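Content type mmCIF, C-alpha atoms and all ligand atoms, from the file data09.cif:
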```
data_structure
loop_
_atom_site.label_atom_id
_atom_site.label_comp_id
_atom_site.auth_asym_id
_atom_site.auth_seq_id
_atom_site.Cartn_x
_atom_site.Cartn_y
_atom_site.Cartn_z
CA MET A 8 31.50 15.21 -21.91
CA VAL A 9 30.43 14.87 -18.27
CA ASN A 10 31.98 17.30 -15.86
CA GLY A 11 33.60 15.32 -13.06
CA TYR A 12 35.38 12.13 -12.10
CA THR A 13 35.57 8.53 -13.22
CA ALA A 14 36.62 6.03 -10.56
CA SER A 15 38.00 2.63 -11.41
CA SER A 16 37.79 1.16 -7.91
CA LEU A 17 35.44 1.51 -4.97
CA LYS A 18 38.25 2.83 -2.81
CA GLU A 19 38.97 5.59 -5.31
CA ALA A 20 35.28 6.49 -5.57
CA LEU A 21 34.88 6.73 -1.80
CA THR A 22 37.94 8.93 -1.51
CA ILE A 23 36.56 11.28 -4.17
CA LEU A 24 33.21 11.39 -2.37
CA ALA A 25 34.89 12.12 0.96
CA GLU A 26 37.00 14.93 -0.45
CA THR A 27 34.63 16.60 -2.91
CA ASN A 28 30.94 17.40 -3.36
CA ALA A 29 30.73 15.14 -6.40
CA VAL A 30 27.32 13.61 -7.13
CA PRO A 31 27.50 9.87 -7.94
CA TYR A 32 25.83 8.62 -11.08
CA ALA A 33 25.66 5.36 -12.97
CA GLY A 34 23.25 5.21 -15.92
CA GLY A 35 22.37 8.89 -15.78
CA THR A 36 18.78 8.10 -16.84
CA ASP A 37 17.40 10.15 -13.95
CA LEU A 38 20.23 12.64 -13.56
CA MET A 39 20.24 13.55 -17.22
CA LEU A 40 16.83 15.15 -16.68
CA GLU A 41 18.31 17.62 -14.21
CA ASN A 42 20.26 20.71 -15.05
CA ARG A 43 22.65 21.48 -12.23
CA PRO A 44 25.21 24.03 -13.37
CA GLY A 45 28.58 23.74 -11.68
CA VAL A 46 27.95 20.29 -10.21
CA LYS A 47 30.71 17.69 -10.60
CA TYR A 48 29.67 14.10 -11.13
CA LEU A 49 31.32 10.82 -10.17
CA PHE A 50 30.82 8.02 -12.70
CA LEU A 51 30.31 4.62 -11.04
CA LYS A 52 29.99 2.21 -13.92
CA LYS A 53 33.69 1.45 -14.26
CA ILE A 54 33.93 0.18 -10.69
CA PRO A 55 34.11 -3.63 -10.80
CA GLU A 56 32.94 -4.00 -7.17
CA LEU A 57 29.62 -2.39 -8.12
CA ARG A 58 29.07 -4.31 -11.34
CA SER A 59 28.60 -7.94 -10.32
CA ILE A 60 25.74 -10.20 -9.34
CA THR A 61 26.80 -12.89 -6.87
CA ALA A 62 25.23 -15.20 -4.33
CA ASP A 63 26.24 -16.30 -0.86
CA GLU A 64 24.43 -18.64 1.48
CA ARG A 65 21.73 -16.11 2.41
CA TYR A 66 21.58 -13.47 -0.29
CA ILE A 67 21.63 -12.70 -3.97
CA ARG A 68 23.86 -9.63 -4.09
CA ILE A 69 23.19 -7.21 -6.93
CA GLY A 70 25.86 -4.56 -7.43
CA ALA A 71 24.48 -1.02 -7.38
CA ALA A 72 25.80 -0.26 -10.88
CA VAL A 73 24.36 -3.42 -12.44
CA THR A 74 21.94 -2.50 -15.23
CA PHE A 75 18.43 -3.85 -15.57
CA THR A 76 19.38 -5.63 -18.80
CA GLU A 77 22.24 -7.39 -17.02
CA ALA A 78 19.89 -8.48 -14.23
CA LEU A 79 17.43 -9.92 -16.73
CA ALA A 80 20.25 -12.04 -18.20
CA SER A 81 21.43 -13.37 -14.84
CA PRO A 82 20.29 -16.80 -13.65
CA LEU A 83 20.81 -15.61 -10.06
CA VAL A 84 18.21 -12.84 -10.05
CA PRO A 85 14.89 -14.15 -8.72
CA PRO A 86 11.83 -14.18 -11.04
CA LEU A 87 10.00 -11.63 -8.86
CA MET A 88 12.71 -9.03 -9.45
CA LYS A 89 13.01 -9.96 -13.12
CA GLU A 90 9.30 -9.44 -13.59
CA ALA A 91 9.50 -5.93 -12.15
CA VAL A 92 12.62 -5.09 -14.16
CA SER A 93 11.07 -6.31 -17.40
CA HIS A 94 8.35 -3.67 -16.98
CA ILE A 95 10.78 -0.78 -16.64
CA ALA A 96 10.64 1.65 -19.54
CA ALA A 97 12.10 0.19 -22.76
CA PRO A 98 15.39 -1.51 -23.69
CA ALA A 99 17.38 1.72 -24.05
CA ILE A 100 16.64 2.74 -20.44
CA ARG A 101 17.05 -0.83 -19.17
CA ASN A 102 20.49 -0.98 -20.83
CA ALA A 103 21.63 2.09 -18.88
CA GLY A 104 19.54 2.31 -15.68
CA THR A 105 20.84 0.65 -12.53
CA PHE A 106 19.60 -0.73 -9.22
CA GLY A 107 21.54 1.82 -7.17
CA GLY A 108 20.16 4.66 -9.29
CA ASN A 109 16.61 3.36 -8.88
CA ILE A 110 16.95 3.71 -5.11
CA GLY A 111 19.15 6.81 -5.26
CA ASN A 112 16.67 8.76 -7.34
CA GLY A 113 14.23 8.61 -4.43
CA SER A 114 11.07 8.11 -6.46
CA ASP A 115 8.15 6.26 -4.91
CA LYS A 116 7.49 4.97 -8.45
CA ALA A 117 10.83 3.12 -8.61
CA ASP A 118 9.87 -0.34 -9.79
CA THR A 119 12.69 -2.33 -8.20
CA VAL A 120 12.24 -0.63 -4.83
CA VAL A 121 8.70 -1.93 -4.29
CA VAL A 122 10.06 -5.46 -4.84
CA GLU A 123 12.88 -4.79 -2.39
CA PHE A 124 10.33 -3.74 0.24
CA ALA A 125 8.22 -6.88 -0.24
CA ALA A 126 11.32 -9.08 -0.25
CA ASP A 127 12.78 -7.62 2.97
CA ALA A 128 15.87 -6.67 1.00
CA LYS A 129 18.85 -4.93 2.49
CA ALA A 130 21.46 -2.61 1.07
CA ARG A 131 25.18 -2.57 1.71
CA ILE A 132 26.17 1.03 2.23
CA VAL A 133 29.80 2.08 2.07
CA SER A 134 31.78 5.22 2.81
CA LYS A 135 35.49 5.94 3.18
CA GLU A 136 35.26 5.31 6.93
CA LYS A 137 32.87 2.39 7.28
CA GLU A 138 30.37 0.04 5.77
CA ARG A 139 26.98 -1.04 7.03
CA ILE A 140 24.06 -3.21 6.05
CA ALA A 141 20.68 -1.50 6.27
CA ASP A 142 17.10 -2.63 5.71
CA ILE A 143 15.71 -1.15 2.51
CA ASP A 144 13.10 0.90 4.42
CA LYS A 145 15.95 2.61 6.31
CA VAL A 146 17.61 3.56 3.01
CA PHE A 147 14.59 4.51 0.92
CA LEU A 148 12.56 6.63 3.34
CA SER A 149 10.12 8.54 1.13
CA ARG A 150 10.10 10.63 -2.01
CA LYS A 151 13.52 12.30 -2.28
CA HIS A 152 14.42 11.24 1.27
CA LEU A 153 17.17 8.68 1.59
CA GLY A 154 18.82 7.32 4.70
CA LEU A 155 22.29 8.06 3.33
CA SER A 156 24.86 10.41 4.84
CA ASP A 157 27.32 12.54 2.88
CA GLY A 158 30.07 10.36 1.42
CA GLU A 159 27.94 7.19 1.47
CA LEU A 160 27.23 5.09 -1.58
CA ILE A 161 24.90 2.18 -2.11
CA ALA A 162 27.22 -0.72 -3.02
CA GLU A 163 24.89 -3.72 -3.27
CA ILE A 164 21.29 -4.75 -2.92
CA LEU A 165 20.84 -7.96 -0.94
CA LEU A 166 17.82 -10.08 -1.80
CA PRO A 167 17.07 -13.14 0.34
CA ARG A 168 17.91 -16.33 -1.51
CA LYS A 169 14.98 -18.22 -0.10
CA GLY A 170 11.33 -17.41 0.33
CA LEU A 171 10.67 -15.40 -2.84
CA GLU A 172 9.26 -18.28 -4.86
CA ARG A 173 5.59 -17.49 -4.24
CA TYR A 174 4.99 -13.94 -5.34
CA ALA A 175 2.81 -11.48 -7.20
CA TYR A 176 3.93 -8.40 -9.06
CA THR A 177 1.78 -5.90 -10.93
CA LYS A 178 2.53 -2.52 -12.37
CA VAL A 179 -0.51 -0.47 -13.31
CA GLY A 180 0.23 2.33 -15.75
CA GLY A 181 -1.36 4.22 -18.57
CA ARG A 182 -0.13 1.74 -21.18
CA GLN A 183 1.61 -1.60 -21.54
CA SER A 184 5.16 -0.28 -21.80
CA GLN A 185 7.06 2.99 -21.33
CA ALA A 186 4.62 3.75 -18.53
CA VAL A 187 5.12 5.51 -15.23
CA SER A 188 3.40 3.49 -12.49
CA PHE A 189 0.02 4.71 -11.25
CA VAL A 190 0.28 1.93 -8.68
CA SER A 191 2.79 -0.88 -8.35
CA PHE A 192 2.40 -3.90 -6.14
CA ALA A 193 4.73 -6.65 -4.99
CA GLY A 194 3.63 -9.45 -2.70
CA VAL A 195 5.57 -12.37 -1.24
CA PHE A 196 3.72 -15.31 0.25
CA GLY A 197 5.15 -18.01 2.49
CA LEU A 198 3.54 -21.28 3.47
CA GLU A 199 5.07 -23.97 5.66
CA ASN A 200 3.31 -27.09 6.89
CA GLY A 201 0.04 -25.64 5.64
CA ARG A 202 0.40 -22.42 7.64
CA ILE A 203 1.11 -18.92 6.39
CA THR A 204 4.60 -17.72 7.31
CA ASN A 205 4.74 -14.59 5.17
CA ALA A 206 2.21 -12.29 3.53
CA ALA A 207 4.41 -9.32 2.64
CA ALA A 208 2.57 -6.71 0.58
CA ALA A 209 4.25 -3.53 -0.69
CA PHE A 210 2.66 -0.69 -2.64
CA GLY A 211 4.56 1.79 -4.77
CA ALA A 212 3.50 5.03 -6.43
CA ALA A 213 0.40 5.44 -4.27
CA GLY A 214 1.82 7.62 -1.51
CA ASP A 215 5.05 9.50 -1.00
CA ALA A 216 6.73 6.39 0.38
CA VAL A 217 6.64 2.73 -0.54
CA GLN A 218 4.05 1.34 1.85
CA ARG A 219 4.13 -1.86 3.84
CA TYR A 220 2.00 -2.56 6.93
CA ARG A 221 3.58 -5.35 8.91
CA ASP A 222 1.02 -5.20 11.70
CA ILE A 223 -1.80 -5.97 9.23
CA GLU A 224 0.28 -8.71 7.59
CA LYS A 225 0.66 -10.33 11.02
CA SER A 226 -3.08 -10.98 11.22
CA LEU A 227 -2.59 -13.77 8.64
CA ILE A 228 0.60 -15.32 10.01
CA GLY A 229 0.20 -18.78 11.53
CA LYS A 230 -3.19 -19.33 9.93
CA THR A 231 -4.05 -21.88 7.27
CA PRO A 232 -5.27 -20.33 4.00
CA ASP A 233 -8.83 -21.41 4.92
CA GLU A 234 -8.58 -19.75 8.32
CA ALA A 235 -7.11 -16.64 6.69
CA LYS A 236 -10.02 -16.53 4.27
CA LYS A 237 -12.36 -16.06 7.20
CA VAL A 238 -10.55 -12.87 8.32
CA LYS A 239 -9.86 -11.61 4.81
CA ALA A 240 -12.65 -9.01 4.85
CA ASP A 241 -11.27 -7.46 8.08
CA TYR A 242 -7.75 -7.61 6.64
CA LEU A 243 -8.80 -5.77 3.46
CA ARG A 244 -10.74 -3.22 5.54
CA ALA A 245 -7.63 -2.55 7.62
CA TYR A 246 -5.67 -1.80 4.43
CA GLU A 247 -8.48 0.36 3.11
CA GLU A 248 -8.17 2.54 6.21
CA ARG A 249 -4.37 2.69 6.14
CA ILE A 250 -3.26 2.93 2.52
CA LEU A 251 -2.09 6.41 1.66
CA VAL A 252 -2.91 7.70 -1.78
CA ASN A 253 -1.78 10.87 -3.48
CA GLN A 254 -3.15 13.49 -5.80
CA SER A 255 -1.78 11.88 -8.94
CA ARG A 256 -3.54 12.46 -12.20
CA VAL A 257 -5.44 9.19 -11.83
CA GLY A 258 -7.05 10.35 -8.59
CA PRO A 259 -6.80 9.02 -5.04
CA GLU A 260 -9.98 6.91 -5.11
CA TYR A 261 -8.83 5.06 -8.23
CA GLN A 262 -5.47 4.37 -6.58
CA ARG A 263 -7.11 3.06 -3.41
CA ILE A 264 -9.41 0.70 -5.31
CA VAL A 265 -6.54 -0.59 -7.44
CA CYS A 266 -4.38 -1.23 -4.36
CA LEU A 267 -7.14 -3.22 -2.70
CA ASN A 268 -7.89 -5.22 -5.86
CA LEU A 269 -4.21 -6.11 -6.25
CA LEU A 270 -4.03 -7.19 -2.63
CA ASN A 271 -7.16 -9.30 -3.00
CA ASP A 272 -5.78 -10.96 -6.16
CA PHE A 273 -2.46 -11.65 -4.43
CA LEU A 274 -4.13 -13.54 -1.58
CA SER A 275 -6.59 -15.33 -3.88
CA ARG A 276 -3.67 -16.63 -5.91
CA PHE A 277 -2.48 -18.51 -2.81
CA GLY A 278 -5.87 -19.82 -1.76
CA VAL A 279 -6.80 -17.07 0.70
C1 LIG A 301 12.19 7.56 -20.33
C2 LIG A 301 12.40 7.02 -18.91
C3 LIG A 301 11.59 6.01 -18.47
C4 LIG A 301 11.75 5.51 -17.18
N1 LIG A 301 10.95 4.49 -16.76
C5 LIG A 301 11.11 3.98 -15.53
C6 LIG A 301 10.29 2.90 -15.09
O1 LIG A 301 9.43 2.38 -15.81
N2 LIG A 301 10.49 2.42 -13.84
C7 LIG A 301 11.42 2.94 -13.00
O2 LIG A 301 11.55 2.46 -11.88
N3 LIG A 301 12.21 3.97 -13.39
C8 LIG A 301 12.08 4.49 -14.62
N4 LIG A 301 12.86 5.53 -15.04
C9 LIG A 301 13.81 6.12 -14.08
C10 LIG A 301 15.26 5.59 -14.15
O3 LIG A 301 15.57 4.96 -15.36
C11 LIG A 301 15.52 4.62 -13.00
O4 LIG A 301 15.24 5.24 -11.76
C12 LIG A 301 16.97 4.08 -12.98
O5 LIG A 301 17.05 3.02 -12.09
C13 LIG A 301 17.99 5.11 -12.58
O6 LIG A 301 19.27 4.48 -12.62
P1 LIG A 301 20.55 5.27 -13.17
O7 LIG A 301 21.70 4.40 -12.99
O8 LIG A 301 20.29 5.79 -14.52
O9 LIG A 301 20.56 6.48 -12.11
P2 LIG A 301 21.33 7.87 -12.25
O10 LIG A 301 20.53 8.80 -13.11
O11 LIG A 301 22.75 7.67 -12.60
O12 LIG A 301 21.22 8.36 -10.74
C14 LIG A 301 19.95 8.59 -10.14
C15 LIG A 301 20.15 9.07 -8.69
O13 LIG A 301 20.69 8.03 -7.90
C16 LIG A 301 21.93 8.44 -7.31
N5 LIG A 301 22.79 7.24 -7.35
C17 LIG A 301 23.11 6.49 -8.42
N6 LIG A 301 23.84 5.42 -8.03
C18 LIG A 301 23.99 5.53 -6.68
C19 LIG A 301 24.65 4.72 -5.70
N7 LIG A 301 25.31 3.59 -6.02
N8 LIG A 301 24.59 5.11 -4.42
C20 LIG A 301 23.92 6.24 -4.07
N9 LIG A 301 23.27 7.04 -4.95
C21 LIG A 301 23.29 6.66 -6.25
C22 LIG A 301 22.42 9.59 -8.17
O14 LIG A 301 23.23 10.49 -7.44
C23 LIG A 301 21.10 10.25 -8.58
O15 LIG A 301 20.63 11.09 -7.55
C24 LIG A 301 12.74 6.06 -16.32
C25 LIG A 301 13.57 7.10 -16.79
C26 LIG A 301 13.41 7.58 -18.07
C27 LIG A 301 14.31 8.68 -18.56
#
```
Serialized structure, structure tokens:
Amino acid sequence: MVNGYTASSLKEALTILAETNAVPYAGGTDLMLENRPGVKYLFLKKIPELRSITADERYIRIGAAVTFTEALASPLVPPLMKEAVSHIAAPAIRNAGTFGGNIGNGSDKADTVVVEFAADAKARIVSKEKERIADIDKVFLSRKHLGLSDGELIAEILLPRKGLERYAYTKVGGRQSQAVSFVSFAGVFGLENGRITNAAAAFGAAGDAVQRYRDIEKSLIGKTPDEAKKVKADYLRAYEERILVNQSRVGPEYQRIVCLNLLNDFLSRFGV
């Protein structure tokens, strides 16, 4: 039996968060690994406002307490996100783990977060006093650093409805499934009237933060794929100098080479 509270509405949850030190949880797949004596928890999964996947004109809105299995079954969730989700752990974890928890855990290896970075996703953040929409890189700052204040909850993840059709996603781990990422990569490519409009490239698990370098991406914007091919070597060199790698057990040089290969494959896929 979990020590704490169960809220049945968002309003109730936000009141509990404002008045107590309760720690929110949804699937518990990360929190169950921690032993925090005396901590009271607030269960989010019975809150209808956090459990739906909807769409408006601009966004697919995924409730923070939606599970990965539910997302895989939804016709609204874009293929790029489904591909990342399908590589998470195994069915038991996908049945319990949620989108809000994936961000809230603050791991640079979080597989949905790297997609959210590449997709220019936003999060709707709510507290008892206010609500705000924030870019994902203002919510997920770096390992164990979130842009959330006390009393704030992630309510929804907002993925753009358009522009995610051309994409690449790769998770590199020690085995095909049940693997922690050594490197994860999500890329989104945009082409209009023969010219590149987007070349978003996000790397997870390689540094302490999810990495995206918009200034390097810009060097391809406005070019045709053939023109971009001519500056590709400089572009890859710029990433080589910038990508941060960590002292994981696979080694920093391996991570750097994998990142650059994934980037190269991403562009090649779209004729660059
Ligand atoms: C065996 C195993 C394999 C795994 N494999 C993968 C994998 O391949 N890829 C991957 O990305 N992850 C993996 N994970 C990690 C985990 O399953 C995911 O991070 C999952 O998304 C966590 O969701 P949850 O609902 O279980 O989070 P919880 O454990 O409930 O919460 C995690 C954190 O997020 C906070 N939180 C939860 N919801 C909110 C919210 N709405 N607003 C603010 N904060 C919130 C909690 O306070 C807590 O700090 C694995 C875990 C296990 C145990």
*Lys225 of chain A environment, 12 Å, all atoms listed in the file, sequence neighbours closer than 2 positions dropped, as a ChimeraX atom specification*: /A:203-208,219-223,227-230,235,238,242,245
_Under the rule that all atoms listed in the file are counted, which of A:Glu138, A:Glu56, A:Asp115, A:Glu19 is the nearest residue to Ala212 of chain A?_
A:Asp115
_Which residues are near ligand LIG 301 (chain A) in this structure, taking near to mean any atom at most 7 Å from a ligand atom and counting all atoms listed in the file? Format them as a ChimeraX atom specification._
/A:30-39,71-72,94-96,100,103-112,116-119,159-162,185-188
Can those selected residues be exported to a file as an mmCIF file, in the frame of the given file so that it contains C-alpha atoms?
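Okay, this is what ended up in selection_16.cif:
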```cif
data_model
loop_
_atom_site.group_PDB
_atom_site.id
_atom_site.type_symbol
_atom_site.label_atom_id
_atom_site.label_comp_id
_atom_site.auth_asym_id
_atom_site.auth_seq_id
_atom_site.Cartn_x
_atom_site.Cartn_y
_atom_site.Cartn_z
ATOM 1 C CA VAL A 30 27.320 13.610 -7.130
ATOM 2 C CA PRO A 31 27.500 9.870 -7.940
ATOM 3 C CA TYR A 32 25.830 8.620 -11.080
ATOM 4 C CA ALA A 33 25.660 5.360 -12.970
ATOM 5 C CA GLY A 34 23.250 5.210 -15.920
ATOM 6 C CA GLY A 35 22.370 8.890 -15.780
ATOM 7 C CA THR A 36 18.780 8.100 -16.840
ATOM 8 C CA ASP A 37 17.400 10.150 -13.950
ATOM 9 C CA LEU A 38 20.230 12.640 -13.560
ATOM 10 C CA MET A 39 20.240 13.550 -17.220
ATOM 11 C CA ALA A 71 24.480 -1.020 -7.380
ATOM 12 C CA ALA A 72 25.800 -0.260 -10.880
ATOM 13 C CA HIS A 94 8.350 -3.670 -16.980
ATOM 14 C CA ILE A 95 10.780 -0.780 -16.640
ATOM 15 C CA ALA A 96 10.640 1.650 -19.540
ATOM 16 C CA ILE A 100 16.640 2.740 -20.440
ATOM 17 C CA ALA A 103 21.630 2.090 -18.880
ATOM 18 C CA GLY A 104 19.540 2.310 -15.680
ATOM 19 C CA THR A 105 20.840 0.650 -12.530
ATOM 20 C CA PHE A 106 19.600 -0.730 -9.220
ATOM 21 C CA GLY A 107 21.540 1.820 -7.170
ATOM 22 C CA GLY A 108 20.160 4.660 -9.290
ATOM 23 C CA ASN A 109 16.610 3.360 -8.880
ATOM 24 C CA ILE A 110 16.950 3.710 -5.110
ATOM 25 C CA GLY A 111 19.150 6.810 -5.260
ATOM 26 C CA ASN A 112 16.670 8.760 -7.340
ATOM 27 C CA LYS A 116 7.490 4.970 -8.450
ATOM 28 C CA ALA A 117 10.830 3.120 -8.610
ATOM 29 C CA ASP A 118 9.870 -0.340 -9.790
ATOM 30 C CA THR A 119 12.690 -2.330 -8.200
ATOM 31 C CA GLU A 159 27.940 7.190 1.470
ATOM 32 C CA LEU A 160 27.230 5.090 -1.580
ATOM 33 C CA ILE A 161 24.900 2.180 -2.110
ATOM 34 C CA ALA A 162 27.220 -0.720 -3.020
ATOM 35 C CA GLN A 185 7.060 2.990 -21.330
ATOM 36 C CA ALA A 186 4.620 3.750 -18.530
ATOM 37 C CA VAL A 187 5.120 5.510 -15.230
ATOM 38 C CA SER A 188 3.400 3.490 -12.490
#
```
*Which value, in Å to one decimal, gives the distance between atom CA of Pro55 of chain A and atom CA of Ile132 of chain A?*
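So the two atoms, atom CA of Pro55 of chain A and atom CA of Ile132 of chain A, lie 16.0 Å apart.
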*Can you work out the spacing between atom CA of Gly258 of chain A and atom CA of Lys178 of chain A in Å, to one decimal?*
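Here the two named atoms are 16.5 Å from each other.
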*asked:* Just to confirm, what's the straight-line distance from atom CA of Ser114 of chain A to atom CA of His152 of chain A in Å (one decimal)?
replied: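 Computed distance, atom CA of Ser114 of chain A to atom CA of His152 of chain A, equals 9.0 Å.
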*Given the choices A:Leu166, A:Val190, A:Ala209, A:Ala240, which gets closest to Glu64 of chain A if the distance is worked out from all atoms listed in the file?*
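For Glu64 of chain A, the nearest of the given residues is A:Leu166.
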*Of the candidates A:Ala62, A:Val46, A:Ala175, A:Val73, which one gets nearest to Gly197 of chain A if we count all atoms listed in the file?*
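Nearest candidate to Gly197 of chain A out of A:Ala62, A:Val46, A:Ala175, A:Val73: A:Ala175.
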*Quick one: residues within 7 Å of Pro167 of chain A, only C-alpha atoms counted, chain neighbours fewer than 3 positions away excluded, as number ranges by chain?*
A: 65-67, 128
*Of the residues A:Glu199, A:Glu41, A:Glu163, A:Glu26, which is the one nearest to Arg58 of chain A, using only C-alpha atoms?*
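The closest residue to Arg58 of chain A is A:Glu163.
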*Contact residues around Tyr246 of chain A with all atoms listed in the file at 10 Å, ignoring same-chain residues under 3 positions, as a list in words*: Arg219, Tyr220, Ile223, Glu224, Asp241, Tyr242, Leu243, Arg249, Ile250, Leu251, Arg263, Cys266, Leu267 and Leu270 of chain A
I need the residues from that last selection saved to file as an mmCIF file, in the frame of the given file (with C-alpha atoms), if you can.
```cif
data_model
loop_
_atom_site.group_PDB
_atom_site.id
_atom_site.type_symbol
_atom_site.label_atom_id
_atom_site.label_comp_id
_atom_site.auth_asym_id
_atom_site.auth_seq_id
_atom_site.Cartn_x
_atom_site.Cartn_y
_atom_site.Cartn_z
ATOM 1 C CA ARG A 219 4.130 -1.860 3.840
ATOM 2 C CA TYR A 220 2.000 -2.560 6.930
ATOM 3 C CA ILE A 223 -1.800 -5.970 9.230
ATOM 4 C CA GLU A 224 0.280 -8.710 7.590
ATOM 5 C CA ASP A 241 -11.270 -7.460 8.080
ATOM 6 C CA TYR A 242 -7.750 -7.610 6.640
ATOM 7 C CA LEU A 243 -8.800 -5.770 3.460
ATOM 8 C CA ARG A 249 -4.370 2.690 6.140
ATOM 9 C CA ILE A 250 -3.260 2.930 2.520
ATOM 10 C CA LEU A 251 -2.090 6.410 1.660
ATOM 11 C CA ARG A 263 -7.110 3.060 -3.410
ATOM 12 C CA CYS A 266 -4.380 -1.230 -4.360
ATOM 13 C CA LEU A 267 -7.140 -3.220 -2.700
ATOM 14 C CA LEU A 270 -4.030 -7.190 -2.630
#
```
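Candidate residues A:Ala99, A:Leu153, A:Ala78, A:Val121 were compared for distance to Phe192 of chain A, and the nearest is A:Val121, using all atoms listed in the file.
The shell of residues at most 10 Å from Val195 of chain A, with only C-alpha atoms counted and near chain neighbours (fewer than 5 positions) removed, consists of Leu87, Val122, Phe124, Ala125, Ala126, Asp127, Gly170, Leu171, Glu172, Arg173, Tyr174, Ala175, Tyr176, Asn205, Ala206, Ala207, Ala208, Ala209, Phe273 and Leu274 of chain A.
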_Using only C-alpha atoms, can you tell me which of A:Ile143, A:Ser226, A:Thr177, A:Ala213 comes closest to Ile264 of chain A?_
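Looking only at the distances to Ile264 of chain A, the closest residue turns out to be A:Ala213.
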